[in-house]
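Enquirer: Coordinates in query_38.cif, mmCIF, C-alpha atoms and all ligand atoms, are listed below.
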data_entry
#
loop_
_atom_site.label_atom_id
_atom_site.label_comp_id
_atom_site.auth_asym_id
_atom_site.auth_seq_id
_atom_site.Cartn_x
_atom_site.Cartn_y
_atom_site.Cartn_z
CA MET Y 1 -79.17 62.78 -35.88
CA PHE Y 2 -76.56 65.01 -37.45
CA LYS Y 3 -73.79 64.53 -39.94
CA LEU Y 4 -70.35 65.98 -39.39
CA GLN Y 5 -67.67 66.38 -41.99
CA TRP Y 6 -64.42 64.59 -41.40
CA PRO Y 7 -61.79 67.24 -40.74
CA ASP Y 8 -59.14 67.70 -43.41
CA PHE Y 9 -56.52 66.54 -40.93
CA PRO Y 10 -58.17 64.16 -38.44
CA SER Y 11 -56.34 63.94 -35.16
CA PRO Y 12 -54.93 60.49 -34.27
CA HIS Y 13 -57.43 60.29 -31.37
CA TRP Y 14 -60.11 59.29 -33.88
CA PHE Y 15 -58.28 56.04 -34.62
CA ALA Y 16 -56.68 55.26 -31.27
CA ARG Y 17 -59.41 52.71 -30.44
CA GLY Y 18 -59.82 51.23 -33.91
CA LEU Y 19 -62.81 51.85 -36.14
CA GLY Y 20 -65.43 51.16 -33.49
CA GLY Y 21 -66.05 53.04 -30.29
CA ASN Y 22 -67.89 56.24 -29.51
CA HIS Y 23 -66.34 59.68 -29.42
CA TYR Y 24 -67.59 62.69 -27.53
CA GLY Y 25 -67.80 66.30 -28.60
CA VAL Y 26 -69.45 69.57 -27.68
CA MET Y 27 -71.36 72.12 -29.77
CA LEU Y 28 -69.66 75.49 -30.15
CA ALA Y 29 -71.50 78.74 -30.81
CA ASP Y 30 -70.80 78.92 -34.56
CA ASP Y 31 -72.43 75.65 -35.71
CA THR Y 32 -69.23 73.72 -35.26
CA VAL Y 33 -68.33 70.86 -32.98
CA LYS Y 34 -65.18 70.41 -30.98
CA ALA Y 35 -64.14 66.79 -30.68
CA GLU Y 36 -60.87 64.86 -30.34
CA GLY Y 37 -58.82 68.00 -30.90
CA ASN Y 38 -60.61 68.91 -34.15
CA ILE Y 39 -63.21 71.50 -35.06
CA LEU Y 40 -65.88 69.91 -37.27
CA LYS Y 41 -68.63 71.41 -39.39
CA ILE Y 42 -72.11 70.15 -38.51
CA LYS Y 43 -74.98 69.71 -41.01
CA PRO Y 44 -78.52 70.39 -39.84
CA ASP Y 45 -80.78 67.49 -38.89
CA GLU Y 46 -82.11 65.89 -42.11
CA HIS Y 47 -85.68 65.83 -40.81
CA ASN Y 48 -86.17 69.12 -39.02
CA GLY Y 49 -83.21 71.26 -40.07
CA MET Y 50 -82.28 71.88 -36.44
CA ILE Y 51 -78.83 72.26 -35.00
CA PRO Y 52 -78.12 71.61 -31.32
CA CYS Y 53 -77.57 74.63 -29.04
CA ALA Y 54 -74.07 75.68 -28.09
CA GLY Y 55 -72.81 73.65 -25.15
CA THR Y 56 -74.80 70.50 -26.10
CA GLU Y 57 -72.78 67.35 -25.56
CA LEU Y 58 -72.68 64.98 -28.52
CA VAL Y 59 -71.84 61.35 -29.08
CA ILE Y 60 -70.02 60.85 -32.37
CA LEU Y 61 -69.79 57.63 -34.39
CA LYS Y 62 -67.46 57.09 -37.32
CA GLU Y 63 -68.74 56.31 -40.80
CA ARG Y 64 -66.55 55.97 -43.85
CA LEU Y 65 -67.57 59.21 -45.56
CA TYR Y 66 -68.72 61.26 -42.60
CA LEU Y 67 -69.28 61.27 -38.88
CA ILE Y 68 -72.65 60.87 -37.24
CA ALA Y 69 -73.54 62.82 -34.12
CA GLU Y 70 -76.40 62.48 -31.72
CA GLU Y 71 -77.18 64.46 -28.60
CA LYS Y 72 -75.59 62.60 -25.73
CA ASN Y 73 -78.74 62.59 -23.58
CA LEU Y 74 -80.86 61.28 -26.43
CA PHE Y 75 -78.25 58.72 -27.43
CA GLU Y 76 -77.97 57.37 -23.89
CA GLN Y 77 -81.73 57.24 -23.53
CA GLN Y 78 -82.05 55.31 -26.79
CA GLN Y 79 -79.28 52.98 -25.71
CA LEU Y 80 -81.09 52.34 -22.42
CA GLU Y 81 -84.31 51.59 -24.31
CA ARG Y 82 -82.46 49.22 -26.64
CA GLN Y 83 -80.99 47.42 -23.64
CA LYS Y 84 -84.40 47.17 -21.96
CA LEU Y 85 -85.89 45.79 -25.14
CA LEU Y 86 -83.12 43.19 -25.45
CA GLN Y 87 -83.54 42.22 -21.80
CA ALA Y 88 -87.29 41.86 -22.24
CA GLN Y 89 -86.74 39.71 -25.33
CA ALA Y 90 -84.22 37.55 -23.45
CA GLN Y 91 -86.67 37.17 -20.59
CA VAL Y 92 -89.45 36.03 -22.92
CA MET Y 93 -87.10 33.53 -24.55
CA GLN Y 94 -86.01 32.18 -21.20
CA GLU Y 95 -89.57 31.80 -19.96
CA GLN Y 96 -90.50 30.04 -23.18
CA TYR Y 97 -87.54 27.71 -22.83
CA GLN Y 98 -88.44 26.93 -19.22
CA LYS Y 99 -92.03 26.22 -20.16
CA GLU Y 100 -91.02 23.93 -23.02
CA ARG Y 101 -88.57 22.13 -20.75
CA HIS Y 102 -91.26 21.78 -18.08
CA ASP Y 103 -93.78 20.41 -20.57
CA ARG Y 104 -91.22 18.02 -22.02
CA LEU Y 105 -90.33 16.67 -18.58
CA VAL Y 106 -94.01 16.19 -17.70
CA ILE Y 107 -94.61 14.27 -20.93
CA LEU Y 108 -91.54 12.06 -20.43
CA GLU Y 109 -92.49 11.26 -16.84
CA LYS Y 110 -96.06 10.42 -17.77
CA LYS Y 111 -94.89 8.21 -20.63
CA ALA Y 112 -92.49 6.37 -18.31
CA HIS Y 113 -95.18 5.91 -15.71
CA ASP Y 114 -97.82 4.77 -18.19
CA ASN Y 115 -95.56 2.31 -19.98
CA ASN Y 116 -93.99 0.93 -16.79
CA SER Y 117 -97.50 0.46 -15.34
CA LEU Y 118 -98.25 -1.99 -18.14
CA LEU Y 119 -95.46 -4.31 -16.99
CA GLN Y 120 -96.53 -7.13 -14.69
CA ILE Y 121 -93.25 -8.15 -13.10
CA PRO Y 122 -93.86 -10.74 -10.36
CA VAL Y 123 -91.11 -9.47 -8.03
CA ARG Y 124 -89.89 -6.10 -6.78
CA TRP Y 125 -88.02 -4.19 -9.47
CA THR Y 126 -86.72 -0.83 -10.61
CA SER Y 127 -85.03 0.65 -13.67
CA GLY Y 128 -81.37 -0.20 -14.23
CA PHE Y 129 -78.47 0.46 -16.53
CA LYS Y 130 -75.60 -1.68 -17.64
CA PRO Y 131 -72.26 -0.50 -16.32
CA VAL Y 132 -69.80 0.34 -19.05
CA LEU Y 133 -67.02 -2.19 -18.62
CA SER Y 134 -63.53 -0.85 -18.70
CA GLY Y 135 -61.75 -1.43 -21.96
CA LEU Y 136 -64.95 -1.21 -23.94
CA SER Y 137 -66.08 1.89 -25.67
CA ARG Y 138 -69.55 3.18 -24.99
CA ASN Y 139 -70.93 1.87 -28.23
CA SER Y 140 -69.54 -1.63 -28.03
CA SER Y 141 -72.50 -3.27 -26.33
CA GLY Y 142 -72.62 -5.57 -29.35
CA THR Y 143 -76.20 -4.71 -30.17
CA GLY Y 144 -75.37 -1.50 -31.96
CA GLU Y 145 -77.17 0.36 -29.22
CA ASN Y 146 -75.42 2.59 -26.80
CA ALA Y 147 -75.17 0.59 -23.58
CA ARG Y 148 -75.74 3.73 -21.57
CA SER Y 149 -78.91 4.68 -23.38
CA VAL Y 150 -80.80 1.44 -22.73
CA THR Y 151 -82.78 1.13 -19.52
CA HIS Y 152 -83.38 -2.40 -18.23
CA ILE Y 153 -85.70 -3.98 -15.71
CA LEU Y 154 -83.47 -4.43 -12.67
CA LEU Y 155 -84.82 -7.19 -10.42
CA LEU Y 156 -84.64 -6.62 -6.69
CA GLN Y 157 -85.71 -10.18 -5.83
CA ASP Y 158 -85.04 -13.60 -7.33
CA ILE Y 159 -87.51 -15.09 -9.78
CA ASP Y 160 -87.96 -18.85 -9.58
CA GLU Y 161 -90.79 -19.86 -11.83
CA GLY Y 162 -90.71 -23.32 -13.31
CA GLY Y 163 -87.97 -23.17 -15.89
CA PHE Y 164 -87.46 -19.42 -15.57
CA HIS Y 165 -84.84 -18.16 -13.13
CA ARG Y 166 -83.31 -14.78 -12.53
CA LYS Y 167 -81.22 -13.49 -9.65
CA ALA Y 168 -81.83 -10.34 -7.67
CA ASN Y 169 -79.61 -7.41 -8.71
CA GLY Y 170 -79.63 -8.67 -12.29
CA PHE Y 171 -81.55 -7.60 -15.36
CA LEU Y 172 -84.60 -9.43 -16.56
CA CYS Y 173 -82.96 -9.79 -19.99
CA THR Y 174 -79.72 -11.27 -18.69
CA THR Y 175 -79.13 -14.75 -17.32
CA ALA Y 176 -76.21 -15.42 -15.01
CA LYS Y 177 -74.38 -16.99 -17.98
CA GLY Y 178 -75.36 -14.10 -20.20
CA SER Y 179 -73.19 -11.67 -18.33
CA ASN Y 180 -70.11 -13.54 -19.64
CA GLY Y 181 -69.14 -14.39 -16.10
CA GLN Y 182 -68.41 -10.74 -15.56
CA MET Y 183 -69.34 -9.98 -11.98
CA TRP Y 184 -71.02 -6.67 -11.56
CA THR Y 185 -70.17 -4.71 -8.53
CA GLY Y 186 -72.01 -1.76 -7.06
CA HIS Y 187 -75.52 -0.71 -7.81
CA HIS Y 188 -77.04 -0.56 -11.24
CA ASP Y 189 -80.33 1.00 -10.42
CA THR Y 190 -81.10 4.23 -12.23
CA TYR Y 191 -83.80 6.86 -12.27
CA SER Y 192 -84.93 9.85 -14.25
CA SER Y 193 -85.33 13.39 -13.01
CA GLY Y 194 -88.72 15.04 -13.34
CA ILE Y 195 -90.03 18.38 -12.19
CA ASN Y 196 -91.03 16.99 -8.81
CA GLY Y 197 -87.98 14.83 -8.23
CA HIS Y 198 -86.83 11.40 -9.31
CA TYR Y 199 -88.90 8.63 -10.78
CA VAL Y 200 -88.35 5.15 -12.18
CA SER Y 201 -87.03 5.49 -15.74
CA GLU Y 202 -88.97 4.16 -18.69
CA ILE Y 203 -87.82 0.66 -19.59
CA THR Y 204 -86.40 0.74 -23.10
CA CYS Y 205 -84.49 -2.55 -23.35
CA LYS Y 206 -86.31 -4.49 -26.07
CA GLN Y 207 -85.24 -7.81 -24.61
CA CYS Y 208 -86.49 -6.94 -21.11
CA LEU Y 209 -89.84 -5.80 -22.55
CA LYS Y 210 -90.10 -8.97 -24.63
CA ILE Y 211 -89.52 -11.23 -21.63
CA ALA Y 212 -91.92 -9.18 -19.49
CA LYS Y 213 -94.70 -10.16 -21.91
CA ARG Y 214 -94.82 -13.63 -20.30
CA TRP Y 215 -96.71 -12.01 -17.39
CA GLN Y 216 -98.83 -9.77 -19.58
CA GLY Y 217 -102.45 -9.50 -18.47
CA LYS Y 218 -101.86 -11.16 -15.12
CA MET Y 219 -102.57 -8.00 -13.16
CA THR Y 220 -100.60 -9.42 -10.25
CA GLY Y 221 -97.40 -7.56 -11.07
CA ILE Y 222 -95.53 -5.40 -8.59
CA LYS Y 223 -95.14 -1.70 -9.24
CA PRO Y 224 -91.59 -0.50 -9.80
CA GLU Y 225 -89.94 1.28 -6.89
CA LEU Y 226 -87.55 4.16 -6.75
CA ILE Y 227 -84.31 3.28 -4.98
CA LYS Y 228 -83.45 5.98 -2.50
CA LYS Y 229 -79.86 7.06 -2.70
ZN ZN Y 301 -82.63 -5.54 -20.54
#
Could you write out this structure as C-alpha cells?

Expert:
Amino acid sequence: MFKLQWPDFPSPHWFARGLGGNHYGVMLADDTVKAEGNILKIKPDEHNGMIPCAGTELVILKERLYLIAEEKNLFEQQQLERQKLLQAQAQVMQEQYQKERHDRLVILEKKAHDNNSLLQIPVRWTSGFKPVLSGLSRNSSGTGENARSVTHILLLQDIDEGGFHRKANGFLCTTAKGSNGQMWTGHHDTYSSGINGHYVSEITCKQCLKIAKRWQGKMTGIKPELIKK
C-alpha cells in the first residue's frame, strides 16, 4: 500500500462522485502517478520501501490528509477474497439458520404429537381455530388471549354422553349456547406445518384440555386426524 500526496490543486474529478468511490491512476517513470488529471508524488511502501514499476495501474482511495494507492491487480484480488469470505460467512449463517429452524420444527411437531396423544376424545376430532368475527379486533376474545393463537379440539362427530352433549363441527369447549348464537360458517379445522408436511396442531385451549380430562385414562380415545384440504 502506498501513500500519495494530495496535489496542491486537486482536479474536480476527485470530488465528482462524493467522498467515496475508487479512482484509478497509472505509475509514471519518475516515481509519480497520473490520476484524474493530476500528477501526484508517491511515497514508498511503508513495509518494504518499494515503489511500483512505471506503467503499473493503481486504485486510489481518498483519505483526509492523503491518498492511498494499491496496485490494481492486488486490490482486485483482495476484493475478490473479501467477497468470497463474506459469501462463505453468509453461507454458514444460512445453514445454521436452516438447521435451527429444522430442529425447532421437529421439536414442535413431536410436542404436538405427544401431547395430543394423551387426549382420549371419544369421537373423531382435529385441531381447530375460532374464526375472528367481523367487528371484533383480534384480541377481543374476552379471555385476554389472542383468539387466533388458541388451538381448540374441533369435534368431527357429535358427542352424546349422559348429560354431556356437543355437536360436530364445534369445539369441545363451546356449547351451542356458548357461541352466543353466532352461527359459524365454513371450516374451522387447522393444522401446523412441519418438515414433512402438515400435522394436527397442538391443542392449547385450556378449557378444551380441562374438559378432555373427563376421558383421561380411558385409553379408548380416537386419534386426531388431519383434514385434507
Ligand atoms: Zn377450546

Enquirer: Taking all atoms listed in the file into account, report as an MDAnalysis selection string which residues have an atom no farther than 12 Å from an atom of ligand ZN 301 (chain Y).

Expert: chainID Y and resid 126:130 141 143 145 147:155 170:175 178:179 188 202:212

Enquirer: How would the residues just picked look written out with C-alpha atoms as a PDB file, in the coordinates of the input?

Expert:
ATOM      1  CA  THR Y 126     -86.720  -0.830 -10.610  1.00  0.00           C
ATOM      2  CA  SER Y 127     -85.030   0.650 -13.670  1.00  0.00           C
ATOM      3  CA  GLY Y 128     -81.370  -0.200 -14.230  1.00  0.00           C
ATOM      4  CA  PHE Y 129     -78.470   0.460 -16.530  1.00  0.00           C
ATOM      5  CA  LYS Y 130     -75.600  -1.680 -17.640  1.00  0.00           C
ATOM      6  CA  SER Y 141     -72.500  -3.270 -26.330  1.00  0.00           C
ATOM      7  CA  THR Y 143     -76.200  -4.710 -30.170  1.00  0.00           C
ATOM      8  CA  GLU Y 145     -77.170   0.360 -29.220  1.00  0.00           C
ATOM      9  CA  ALA Y 147     -75.170   0.590 -23.580  1.00  0.00           C
ATOM     10  CA  ARG Y 148     -75.740   3.730 -21.570  1.00  0.00           C
ATOM     11  CA  SER Y 149     -78.910   4.680 -23.380  1.00  0.00           C
ATOM     12  CA  VAL Y 150     -80.800   1.440 -22.730  1.00  0.00           C
ATOM     13  CA  THR Y 151     -82.780   1.130 -19.520  1.00  0.00           C
ATOM     14  CA  HIS Y 152     -83.380  -2.400 -18.230  1.00  0.00           C
ATOM     15  CA  ILE Y 153     -85.700  -3.980 -15.710  1.00  0.00           C
ATOM     16  CA  LEU Y 154     -83.470  -4.430 -12.670  1.00  0.00           C
ATOM     17  CA  LEU Y 155     -84.820  -7.190 -10.420  1.00  0.00           C
ATOM     18  CA  GLY Y 170     -79.630  -8.670 -12.290  1.00  0.00           C
ATOM     19  CA  PHE Y 171     -81.550  -7.600 -15.360  1.00  0.00           C
ATOM     20  CA  LEU Y 172     -84.600  -9.430 -16.560  1.00  0.00           C
ATOM     21  CA  CYS Y 173     -82.960  -9.790 -19.990  1.00  0.00           C
ATOM     22  CA  THR Y 174     -79.720 -11.270 -18.690  1.00  0.00           C
ATOM     23  CA  THR Y 175     -79.130 -14.750 -17.320  1.00  0.00           C
ATOM     24  CA  GLY Y 178     -75.360 -14.100 -20.200  1.00  0.00           C
ATOM     25  CA  SER Y 179     -73.190 -11.670 -18.330  1.00  0.00           C
ATOM     26  CA  HIS Y 188     -77.040  -0.560 -11.240  1.00  0.00           C
ATOM     27  CA  GLU Y 202     -88.970   4.160 -18.690  1.00  0.00           C
ATOM     28  CA  ILE Y 203     -87.820   0.660 -19.590  1.00  0.00           C
ATOM     29  CA  THR Y 204     -86.400   0.740 -23.100  1.00  0.00           C
ATOM     30  CA  CYS Y 205     -84.490  -2.550 -23.350  1.00  0.00           C
ATOM     31  CA  LYS Y 206     -86.310  -4.490 -26.070  1.00  0.00           C
ATOM     32  CA  GLN Y 207     -85.240  -7.810 -24.610  1.00  0.00           C
ATOM     33  CA  CYS Y 208     -86.490  -6.940 -21.110  1.00  0.00           C
ATOM     34  CA  LEU Y 209     -89.840  -5.800 -22.550  1.00  0.00           C
ATOM     35  CA  LYS Y 210     -90.100  -8.970 -24.630  1.00  0.00           C
ATOM     36  CA  ILE Y 211     -89.520 -11.230 -21.630  1.00  0.00           C
ATOM     37  CA  ALA Y 212     -91.920  -9.180 -19.490  1.00  0.00           C
TER      38      ALA Y 212
END

Enquirer: Would you work out the distance separating CA of Gly194 (chain Y) from CA of Leu226 (chain Y), expressed in Å to one decimal?

Expert: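 Going from CA of Gly194 (chain Y) over to CA of Leu226 (chain Y), I get 12.8 Å.
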
Enquirer: Using only C-alpha atoms, give me every residue within 9 Å of (-68.9, 63.9, -35.9) in file coordinates, as an MDAnalysis selection string.

Expert: chainID Y and resid 2:6 23:25 33:35 40:42 58:62 66:70

Enquirer: Report the distance between CA of Asn116 (chain Y) and CA of Asp189 (chain Y) in Å, rounded to one decimal place.

Expert: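 Between CA of Asn116 (chain Y) and CA of Asp189 (chain Y) the gap works out to 15.1 Å.
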
Enquirer: Kindly indicate which residue among Y:Ala16, Y:Met1, Y:Leu156, Y:Leu118 lies nearest to Glu225 (chain Y), using only C-alpha atoms for the distances.

Expert: Y:Leu156

Enquirer: Which one of Y:Glu109, Y:Asp103, Y:Asp31, Y:Glu81 sits closest to Lys43 (chain Y) if you count only C-alpha atoms?

Expert: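 Closest candidate: Y:Asp31.
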
Enquirer: Pick out the closest residue to Arg104 (chain Y) from this set: Y:Thr220, Y:Gln79, Y:Ser193, Y:Ser11. Count all atoms listed in the file.

Expert: Y:Ser193

Enquirer: Mind pulling up the distance from CA of Gly55 (chain Y) to CA of Gly20 (chain Y)?

Expert: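 Interatomic distance here is 25.1 Å.
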